[in-house]
Every structure is written in C-alpha cells, then in structure tokens.
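Chemist: Got a structure for you, written out below as structure tokens; questions coming shortly.
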Amino acid sequence: MDGQKIVDMLQKTIHPDSRESAEQELNQVHKIIGFAPTLLQVVMSDQLQMPIRQAGVIYLKNMVTQFWNEREAEEIGAPVPFSIHDQDRLAIRENLIEAMIGTPELIRVQLGVCLYQILKSDYPGRWTGIVDKVVHFIQSDNSAAWYGALVAIYQLVKNFEYKKPEERGPLNAAMQHILPLIHQRCQQLLPDASELSVLMQKQILKIFFALVQYNLPLDLITKEVFIGWMKVIRVIVERPVPDECNQVDEDERSELVWWKCKKWAMHILARVFERYGSPTAVSKEYEQFAEWYLKASSNEIFHVLLKMLDQYRQGVFVTSRVLQQTLNYINTGVSHAISWKVMKPHIGIIVKEILFPLMCYKDEDAEMWEDDPYEYIRLKFDVFEDFISPVTAAQTLLHTVVKSRKQMLEMTMGFCRDVLTTKDMDPRKKDGALHMIGTLADILLKKKKFKDQMELLLTMHVFPEFNNELGYMRARANWVLHYFSEISFKDKKNLLMALELSRKCLCQEKEMPVKVEAAIALQMLITNQDDAKEHLHAHVKSIIIELLSVIRETENDDLTNVMQKLICTYDTEIIEIAVDITQHLAMTFNQVIDAEDQTDDKAITAMGILNTIETILTVMEDQKAIMMQIEGIVLSVIGTILRQNIMDFYEEVLSLVFSLTCSHVSEHLWQVFFMMYDMFQRDGFDFFLEMMPALHNYIIVDPQAFISDPKRIEVIYNICKRVFQGDAGEDAECHAAKLLEVILIQYRGVIDQVIPLFVELVLDRLTREVKTSELRTMCLQVVIAALYYNPLLLLEILEKMRLPNSDQSITQQFLKQWFHDTDCFLGLHDRKICALGLCTLMSVPTRPESVNTFASQFLPALLLVFKGLNRAYESRAQREEESDDEDEDDDDDDEYEEVLESDEDEIDENSKEYLELLAKRAGDKLGDDDEDGYEETALESYNTPLDDDDCPVDEYMIFKEVLHGLEMKDPSWYNALTSGLTPDQKLEVHEILKLAEQRRALAESKKIQQVGGYQFTETSVPSAFNFGMPPPQ
C-alpha cells in the first residue's frame, strides 16, 4: 500500500472543502490488505505534520474499534462483513508498542485506545508476546521508552479491571513479571522530582489502582509486596511539591503532574482501606488481610495524613481531590478503635478548623454566585460533583464521627451554638454552623437530649435568616428547613411560618439559588408534614407557575421531582392549569435538547421533564377533556424524539405513549403506532420490552380500530417475528409470544387469516434451542390460545405441518410437549388458558388419531392445573385482603444508634454479617419443598378478556360442562379419558365439580345482586360421578 497516497488523503480530510471526498476515498481503500499497517507507519512518522498524524491515528482508532474482530454474516448467503486481515493485524501487533513509545502524547492517547480494543480481543490467545515486549522496554536502560510501555501496561490492566477474580488469571500471570519491575522503577524515580519522572510515577500508580480497585489478588500482592507499595505511596503523599508549583494559580494547580501523582496515591490508600482494610466490612477472603492491614499499616498512614491536614489547616495548599480522599480515608478509620485512638486527640481541631471552614461559604462560592448563578446551582446539585467534592467528604466525616463516637455530638453542637450566638459573627461562619447542624439533622431529631430543642433552634437561628440581605444565607435557611422537614412541630404556627417563608422565597425572591432551595424545602415539608398540604392549598397554582419558570431557567433535575410531588399532592387543584403546565414543560424540554452543549446534566433534566409529563398524564387520566388537550402537546414531544432518533429518551417516550393509550387511542396516536414501528426497525430493537405496555394498549383499548386496518396487526406480527429471529434474548421472546396470545384471545373468531402465521412462528422457535421453561411454555401457550380460538382450524394447521426430516404431523409432538410441561404453567392466566385449552381439545367431536393416543393424560394434566389454580386464587384473595389492611408505621426509636467507646469497633451490619445471613437464607430457600405458582407471573399484567373480573368464561364450570357432555354424548371417548383414573384422582375430579357448582352459584348471586334482589333455590351436586362406565340407557 502506497503510504504517500494515504498521506495525501489524510491531508485532504483536514480541509473542510475536500474532507467529504477524502473520507470517501479512504473508505474505498481501507479494506485493501496492507492499508492499516501502512496507516500506522504514517502515524509513527515524525517527518509529517502533526494534523496529518492526528487525522491518521483517529482513522486507525475507528478502524480498530469497528473492524478488528471477525464477524459472521447476518444471514445465510449474505456477504461476510469486513474485518482487518490477519496479516495486517499481525503487523499492527508487532509495531503498536513501539508506536506508543515513539509518538507524542496526542498520538499516544489514541493509540492507547487501539491497544485497549486489540487486547480485549487478542489477549492472551493471539498476543501473549505483549508481556515480554513491555517487560523488555521497562527493563531497558532507555528511560525514553518507559512511559510508553507503562501506558501499554495500563491498557492491559484496564481490560481486566471489572472482571471477576476467576477471570483475571491471564492478568495475574502477566503481573507476576510486571509488578516487581514497575515497583522497582517507581522506587528509582522517587528522588527525581522532574515532570517526566513524576509523570511516570503517576502512571505506575494508575496501573496499581486499576489492578486493585475491585479485586486484591493476595497471591500476587503478598504482605511483603504490599508493604513495599505502601512505602512508595507514603513517600509520594508526604513529600512536598516543588516550589515552582506554588507559583501557579491555585485554580490550575490540580492539573500539575505533581498533584495528580498525589491524587492517585490517595486514591489507592482510600480504596484499599475502604474495600480491603476494614475488618468488619470486608468479604471473607479479605478478613485476615484487613486485620493485618489495620494493625500494620493503617496508623502509619494516619500519621502522614494528619500531618498533611495540619499543614492545610495552617494555610499550606492542598488540592481539593487530595483533600477529599484524605477525609475519606479518615472517615473509614472512625469506626475502628485502633484508628480512632490515633485521631481522637486531633478530632476537635479537625472538626473546628478543617471541616467547619470547608462547610462555610467561601470566596469561590461568592464569585460563582455573582458571575454565574446557574452554574452555582448546577454544581451544588450535581450528584457527580458529590463524589469528588471535599465539602461532601467533610459532611460525611462529620456525620460519621458524631454518629459513631461519644461526646462528639455535644462538642459539635456546642461549637455551632457559640458561632450562632456570638454577636457580630461573620455571616459565612454562621452559614458553616447551619451547614453542620443540617448535616446532623437526622441524628439530632432522634436524640432525646436534642430533638425537643430543634424547633426552638429553627425559630431563633433559622427563621430570621430568611430576611437576611445576603442571598446565600436565605438559601442556607431553606436548606436547613429541608433537612429538618421531619421535625415534630409542637407549635403548628411554626410549621405555618416555615411553609410561608419558603413559599415567599420561591415566589418573590430574585436570587435564583434561593428559589431552588426554597422549592426543595417546600417539597420536603409537604412530604413529611401532614398539615402542610392544607396550608399551601390556596397558593398551589402560583407555586407551580413560579416553579415552571425556575425549571425552565435553571434546567435543574431536582426541581422536576418537586413538580411531580406537587402534581401528585394537588391533583384536583391543578386541573385548571394542567394544560399550561404540560405546555410549559414541553417548551422547556425542547429548550434543553436544542441546546448546543449537550451534557449529562441536560440529559438527566430532560428525562426528569418527561417523567413529570407522565405524572401529569397519570393524575389527569380520568379528566377526559383535559387529556384531549394535553395529548396534542405530548404528541409534539414524542414526535420530536422519534423523528430526531434521540435514543436516550426512547424509554421515557414509550412510557408516555403507554400513558396516552390507557383509555383511548386517537387517530394521531395510531400515527405514533407506526412511528414506533419505524423506530423499532431503525434503532429501537433493544427497546422492545419498553414498547410492550404501549403495544398491549394498542391491541386491547380500541379493538374495533385495531382490527379495522390490517397493517396494524401486521406490524405486531413483524415486530414479534424479528424478536424471535433476532438476538433479543428469551425474556423479550416471552413478551413477543404474549402479544400474539393476547391478540388471539382478544380477537377470537375474526382473524382466521393470521392464525397459521402465529402458530408457525412460535413452533419454528421451538425447533431451536430454548434455555428456559418460561419461553417454551409461552410458545406452547400461543398454540393453546389458537386452539381456544378455533380448535378445528388449529388441528387442520398442525396436521398439515411436518417435523423436519419426517412425514409425521406436528400435532403429536405438540401434545407430547404440552402434557410434559403442564406443571410449568404458573399464575392464574397461564393455568386458566391451559385448562380451557385442554377442555376445548377434549370436546372436539372429530379428533385426529394423534389426539386420541393421549386420552389417559388429559384428566391427570387438568387435575394438576386445577390444583395450581386453587392455590393461585387463594393467594390472590389473600393478597387482596392484606392490601385492604393498612399497616401502621413502626414508631421511631427515640435514641439513635448507640455510639461507640474509644476501644470499640463498629460492626457494619450491611456488609459481612448481613451478606452471610442472606447467603444462609438463600440456602434455606433452596431446601424449601413448597410448590411454585403462588404469585402471578410477570406477564400476567398484560391482561386479556379472560382476565376481566366480570369474564363469563369460568374454567371450572366449562370443565364440568365438557365432562358431563362427553359422558352423555360421546361415552367411548369419555371412557377413554376416565378409565385410568385412580380413586384419589376420581375424588379430586369430584371436588373440582363441586367447586364448579359453587362458582356458578356465586356468579348467579352476583348477577342478582346487581339488579337488586335475590332468589334462593336449592341446588344439588351428585354424590358420585360415573367414571369409566357408559351412561344409563
């Protein structure tokens, strides 16, 4: 392959005018053998301009990602999809590590992605030599080769990072050689504080972190090896950064490699302590290691970290991530007596001089509030920010210390009281004190000593701040109310005051962060205070209108939860403005998705808006006139998502379609039906399960409309066919079969033309491997439904069908499987259709001989099914009775969890002991001999006419009628059915017949009751049934 030609094409891709034609040229030649290795050589050439090399490496990365693995043809006879030739893959493997060593960072990053993809496919099977190669470069004296080799090792480890321990054998084998080498290199590099040296140290730490993040291979990392790594990490954490780092602006220091190196060192320490070093919180395989770690290593690290915190307290700069991980490490140690003894003398200073300042309003907060209040809101409510914020780490540590250790709550509250009561105290410090108190709200509200004082605290120190001229103090006041929303107000006037203060902040405030906090405070007060709903009743419309405006301006997802709460709480009050709310939310949704900067935050907000719209649809379901108006607005949102193929919101869209079709299906919604089908064919195959509820509605809600257009049933059939023939999985296939069954029952007698298609589809699926009894039973159920639909038609279809390589009809095979799997029919519906199917087949006057051969199996199978039905009906009645009884909430304990003495360890009940208990219970469950089928199956929610409460079809009565009819009209068949019954089985049949009569009487009684009167007539059940004997002449 001509390298210059590739260079020319890459050159053209850089220029907008020639990019499209150049990309087409590349797509035409990239399948030629030799192209990919030549492209790699182009990327490696330092004689070419960087933009050309960048274009080349991106194209190479895309090729490797898409075409490295060999793929099979989608269908028999179809062309085999392109994959990179074996010869080219070998050439790339032989040169890739050298390329990573010899190229600049911009190129190396993309080559690292290539390596990751190749290793995923080829290691260890096709590329065991990579280990020897990186070991060679790490061992060499050429330090310029070390960094590229370390990046390669990192990609190797990343490939196994999330794998189970038993799947990590190839990695552990490789690391037996690599780990000692990189540890040795790191030790050698420690004295060298140059940027390149520290960069390599950082890379080594990243490798170690990826190796141990989810699994600690104790045979690889022995205690001696671990001690060696801890020494290296301790040196990195403890050593000062070079003086020149302090000349850089503080906001930019976290990007310096010296601080990044410390960050990864702290990552390792915090992760190891949390996951492997806490004896009461680890799984069994790490118990011994945890005991050893806590005694051998933990305290030394604590001294290093306490020293760092003391320097931070005295004004020495520490980056936020290093500080956060330090606090996390200390938080883990609070519950261990050994660690607590080390930190206890310093905990007062830590709380007052480290945690408290972190929790105060700071200059950077003020700057962001002033310059970009919307970004301030985004950061304060960003759940991802919580994982990296030292403020969140400070909150967590404070809560853990106060919850777990004696006298800490008293000390902390005394400190906060002093701050709040000191005259002319800096408002920022008051903010910090209120922040600390709010963080401890759940503890304070359960401590006898404090809970009765909290109402007074709110009235004296929180309510006045609502009038503070400083916006951040008004925001903090609302935040504190939010966290104390579960307080039991002794004076209801104080509750009303709290509600009114927050309402005014939302509706009259100018500062947006205050409005957001006020909205959430109102939500929590409404949720936790029974009297709140009534007080806000008169203001709910103005609150909602203002909240809509705030949501639109801030695009804050938490506020959509507030809106959902208000809508559910004030469903009657919002009827007048439901249309306006929906319109406003739809406009906000369009604003969010049309924004140029599409971030995860915006996607979450958009989902929240869609969920809020769904809440409105649910609440307004019975308001037909309102629903008609809302429908058009919601359809515009649905149309936008489906037309623009926004897959992120497919699940929410399908939920909206379901909500809109629960009671009617308009002409516009039928258009959406076909849009859903287009979506399914295009990129929505994986969303079939989410489509299912809406598709079910389309089938059952307006039967006349559904059946009026043959294309509609054709769409359902095509969807189910693709699910059966694709790789959707057996759960999806069960749902597809359910749809077919629903149609057969719903449209009994009017869709003869589709019966052969449905039956052939499911029987074809049964000829291939079926792993679960659920799918096998569900496919059988479709055929049974077809039997119930029209037995003669089905038998005609089955008699015409032939098994592969056989002249035998499929009828006998179907019946054999059905009788074999009778015990696999679970729940009410499945058993009912099974019973109806058997009764229907029994009563067919002209039966194929293949049916007659199973005569002796019909009644035993029905007895088994009716046993299950009896249990299922009893279970349903019991659940309905239980649901009528309202369970009273358990009273909260007055005291919070017991705090620990200094020499006590906290036992994490949610980890080791709890997991062991669950395992024991699971083992006990396996030994239970209870029969299955008490609970309804997952698919029973997709109801059919047979499942309606007023369904006239009773399987017990039909069984009685069929058996009695056969005895009178077809005695030889009746005799064949009953002659093999045992005495116990005959008794069971009699009990079913007795129950059938009782059910008939109950049904008649209900009918009479509906018309307002009763007639009592005596009915009798024969004391004996004539089994196996001809009827009297």
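Letters for chains follow the order of the structure tokens (A, B, ...), residue numbers begin at 1 for each chain, and ligand numbers begin at 1 in the order shown.
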Need to verify the contact set: region 191-205 of chain A, 6 Å, only C-alpha atoms, exclusion of same-chain residues closer than 4 positions in sequence. Can you return it as a ChimeraX atom specification?
Modeler: /A:147,186,261
Chemist: Include all heavy atoms and write out the residues we just selected as a PDB file, in the first residue's frame.
Modeler:
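Saved the output as selection07.pdb:
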ATOM      1  N   TYR A 147       7.821   5.379  29.565  1.00  0.00           N
ATOM      2  CA  TYR A 147       6.470   5.928  29.706  1.00  0.00           C
ATOM      3  C   TYR A 147       5.488   5.257  28.739  1.00  0.00           C
ATOM      4  O   TYR A 147       4.380   4.868  29.123  1.00  0.00           O
ATOM      5  CB  TYR A 147       6.464   7.448  29.494  1.00  0.00           C
ATOM      6  CG  TYR A 147       5.088   8.048  29.732  1.00  0.00           C
ATOM      7  CD1 TYR A 147       4.519   8.038  31.005  1.00  0.00           C
ATOM      8  CD2 TYR A 147       4.355   8.599  28.686  1.00  0.00           C
ATOM      9  CE1 TYR A 147       3.257   8.558  31.234  1.00  0.00           C
ATOM     10  CE2 TYR A 147       3.086   9.128  28.905  1.00  0.00           C
ATOM     11  CZ  TYR A 147       2.551   9.099  30.177  1.00  0.00           C
ATOM     12  OH  TYR A 147       1.292   9.616  30.399  1.00  0.00           O
ATOM     13  N   CYS A 186       9.576   2.640  40.077  1.00  0.00           N
ATOM     14  CA  CYS A 186       8.994   3.741  40.850  1.00  0.00           C
ATOM     15  C   CYS A 186       9.927   4.154  41.989  1.00  0.00           C
ATOM     16  O   CYS A 186      10.116   5.349  42.249  1.00  0.00           O
ATOM     17  CB  CYS A 186       7.622   3.325  41.403  1.00  0.00           C
ATOM     18  SG  CYS A 186       6.573   4.708  41.877  1.00  0.00           S
ATOM     19  N   CYS A 261      -0.127  13.106  40.805  1.00  0.00           N
ATOM     20  CA  CYS A 261       0.542  11.929  41.362  1.00  0.00           C
ATOM     21  C   CYS A 261       0.070  11.689  42.798  1.00  0.00           C
ATOM     22  O   CYS A 261      -0.230  10.560  43.192  1.00  0.00           O
ATOM     23  CB  CYS A 261       2.045  12.125  41.304  1.00  0.00           C
ATOM     24  SG  CYS A 261       2.991  10.627  41.636  1.00  0.00           S
TER      25      CYS A 261
END
Chemist: Quick one: residues within 10 Å of Met175 (chain A), only C-alpha atoms counted, chain neighbours fewer than 6 positions away excluded, as a list in words?
Modeler: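 Residues near the query, excluding close chain neighbours: Val131, Ile153, Leu156, Val157, Gly169, Leu181, Ile182, Leu211, Leu220 and Ile221 of chain A.
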Chemist: For region 21-24 of chain A, find every residue with an atom within 12 Å (counting only C-alpha atoms), except residues of its own chain fewer than 6 positions away, and show them as a ChimeraX atom specification.
Modeler: /A:5-15,30,55-56,59
Chemist: For those residues, write N, CA and C atoms to a file as a compact mmCIF listing (two decimals), in the first residue's frame.
Modeler:
# COMPACT_ATOMS: atom_id res chain seq x y z
N LYS A 5 0.10 7.99 -0.78
CA LYS A 5 -1.30 8.16 -1.17
C LYS A 5 -2.18 8.35 0.07
N ILE A 6 -1.88 7.58 1.12
CA ILE A 6 -2.64 7.72 2.37
C ILE A 6 -2.40 9.10 2.97
N VAL A 7 -1.15 9.57 2.94
CA VAL A 7 -0.82 10.90 3.46
C VAL A 7 -1.63 11.96 2.73
N ASP A 8 -1.71 11.85 1.40
CA ASP A 8 -2.45 12.83 0.60
C ASP A 8 -3.93 12.84 0.98
N MET A 9 -4.49 11.67 1.17
CA MET A 9 -5.90 11.61 1.54
C MET A 9 -6.13 12.20 2.94
N LEU A 10 -5.23 11.90 3.86
CA LEU A 10 -5.35 12.46 5.21
C LEU A 10 -5.21 13.98 5.18
N GLN A 11 -4.31 14.47 4.33
CA GLN A 11 -4.12 15.91 4.17
C GLN A 11 -5.44 16.58 3.75
N LYS A 12 -6.15 15.92 2.84
CA LYS A 12 -7.41 16.49 2.35
C LYS A 12 -8.50 16.48 3.43
N THR A 13 -8.45 15.50 4.33
CA THR A 13 -9.50 15.45 5.37
C THR A 13 -9.42 16.62 6.33
N ILE A 14 -8.27 17.29 6.36
CA ILE A 14 -8.08 18.42 7.28
C ILE A 14 -8.85 19.65 6.79
N HIS A 15 -9.04 19.75 5.47
CA HIS A 15 -9.66 20.94 4.89
C HIS A 15 -11.14 20.68 4.66
N HIS A 30 -9.68 1.36 2.50
CA HIS A 30 -9.25 0.83 3.80
C HIS A 30 -9.38 -0.70 3.90
N ALA A 55 -5.04 13.03 12.22
CA ALA A 55 -6.12 12.52 11.36
C ALA A 55 -5.93 11.02 11.12
N GLY A 56 -4.67 10.63 10.90
CA GLY A 56 -4.38 9.23 10.65
C GLY A 56 -4.66 8.35 11.85
N TYR A 59 -8.38 7.87 12.38
CA TYR A 59 -8.95 6.92 11.41
C TYR A 59 -8.57 5.49 11.79
Chemist: Excluding same-chain residues fewer than 4 positions from region 320-334 of chain A, what lies within 6 Å of it counting only C-alpha atoms, as an MDAnalysis selection string?
Modeler: chainID A and resid 263 266 270 339:340 390 393 397
Chemist: Any chance you can output those residues with N, CA, C and O atoms as a compact mmCIF listing (two decimals), in the first residue's frame?
Modeler:
# COMPACT_ATOMS: atom_id res chain seq x y z
N LYS A 263 -2.75 12.68 44.01
CA LYS A 263 -4.16 12.29 43.94
C LYS A 263 -4.30 10.78 43.76
O LYS A 263 -5.11 10.13 44.44
N MET A 266 -3.46 8.91 46.89
CA MET A 266 -4.56 8.96 47.86
C MET A 266 -5.73 8.08 47.42
O MET A 266 -6.41 7.47 48.24
N ALA A 270 -7.23 5.32 50.01
CA ALA A 270 -8.64 5.36 50.41
C ALA A 270 -9.37 4.10 49.96
O ALA A 270 -10.18 3.53 50.71
N SER A 339 -7.63 2.99 64.88
CA SER A 339 -7.51 4.25 64.16
C SER A 339 -8.05 5.41 65.00
O SER A 339 -7.48 6.52 65.00
N TRP A 340 -9.15 5.15 65.70
CA TRP A 340 -9.76 6.22 66.48
C TRP A 340 -8.81 6.73 67.57
O TRP A 340 -8.77 7.93 67.86
N PRO A 390 -14.57 17.99 48.32
CA PRO A 390 -14.12 17.90 49.71
C PRO A 390 -15.20 18.36 50.69
O PRO A 390 -15.20 17.96 51.85
N ALA A 393 -17.17 15.34 51.36
CA ALA A 393 -16.35 14.47 52.21
C ALA A 393 -16.34 14.98 53.65
O ALA A 393 -16.37 14.19 54.61
N LEU A 397 -17.68 12.87 56.89
CA LEU A 397 -16.81 12.62 58.05
C LEU A 397 -17.45 13.16 59.32
O LEU A 397 -17.45 12.48 60.36
Chemist: What's the 12 Å shell around region 137-141 of chain A, counting only C-alpha atoms, without same-chain residues fewer than 3 positions away, as an MDAnalysis selection string?
Modeler: chainID A and resid 97:98 100:101 130:134 144:153 177:186 200 204
Chemist: One number please: CA of Gln247 (chain A) to CA of Lys260 (chain A), in Å, one decimal.
Modeler: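 CA of Lys260 (chain A) lies 16.7 Å from CA of Gln247 (chain A).
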Chemist: Mind giving me the straight-line distance from CA of Lys1006 (chain A) to CA of Val989 (chain A) in Å, one decimal?
Modeler: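 Between CA of Lys1006 (chain A) and CA of Val989 (chain A) the gap is 25.7 Å.
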Chemist: As a VMD selection string, please: every residue in region 544-777 of chain A that a backbone DSSP assignment puts in alpha helix (DSSP H).
Modeler: chain A and resid 544 to 554 557 to 569 578 to 594 600 to 619 624 to 643 650 to 660 667 to 682 688 to 700 703 to 708 710 to 725 730 to 746 755 to 766 773 to 777
Chemist: At a cut-off of 10 Å, using only C-alpha atoms, what residues contact region 596-602 of chain A? Leave out same-chain residues fewer than 6 positions from it and give the result as a PyMOL selection string.
Modeler: chain A and resi 378+381-384+555-557+589+608
Chemist: Determine the nearest neighbour of Glu799 (chain A) from the options A:Glu465, A:Glu849, A:Glu238, A:Asp648, counting only C-alpha atoms.
Modeler: A:Glu849
Chemist: Using only C-alpha atoms, which of the listed residues (A:Thr554, A:Ser979, A:Thr615, A:Thr527) sits closest to Cys568 (chain A)?
Modeler: A:Thr615
Chemist: Figure out the distance between CA of Cys507 (chain A) and CA of Ser542 (chain A), please, to one decimal in Å.
Modeler: 7.4 Å
Chemist: Choose the residue, out of A:Tyr717, A:Leu60, A:Tyr974, A:Leu216, that has the smallest atom-to-atom separation from Pro165 (chain A); count only C-alpha atoms.
Modeler: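 Using only C-alpha atoms, the shortest distance to Pro165 (chain A) belongs to A:Leu216.
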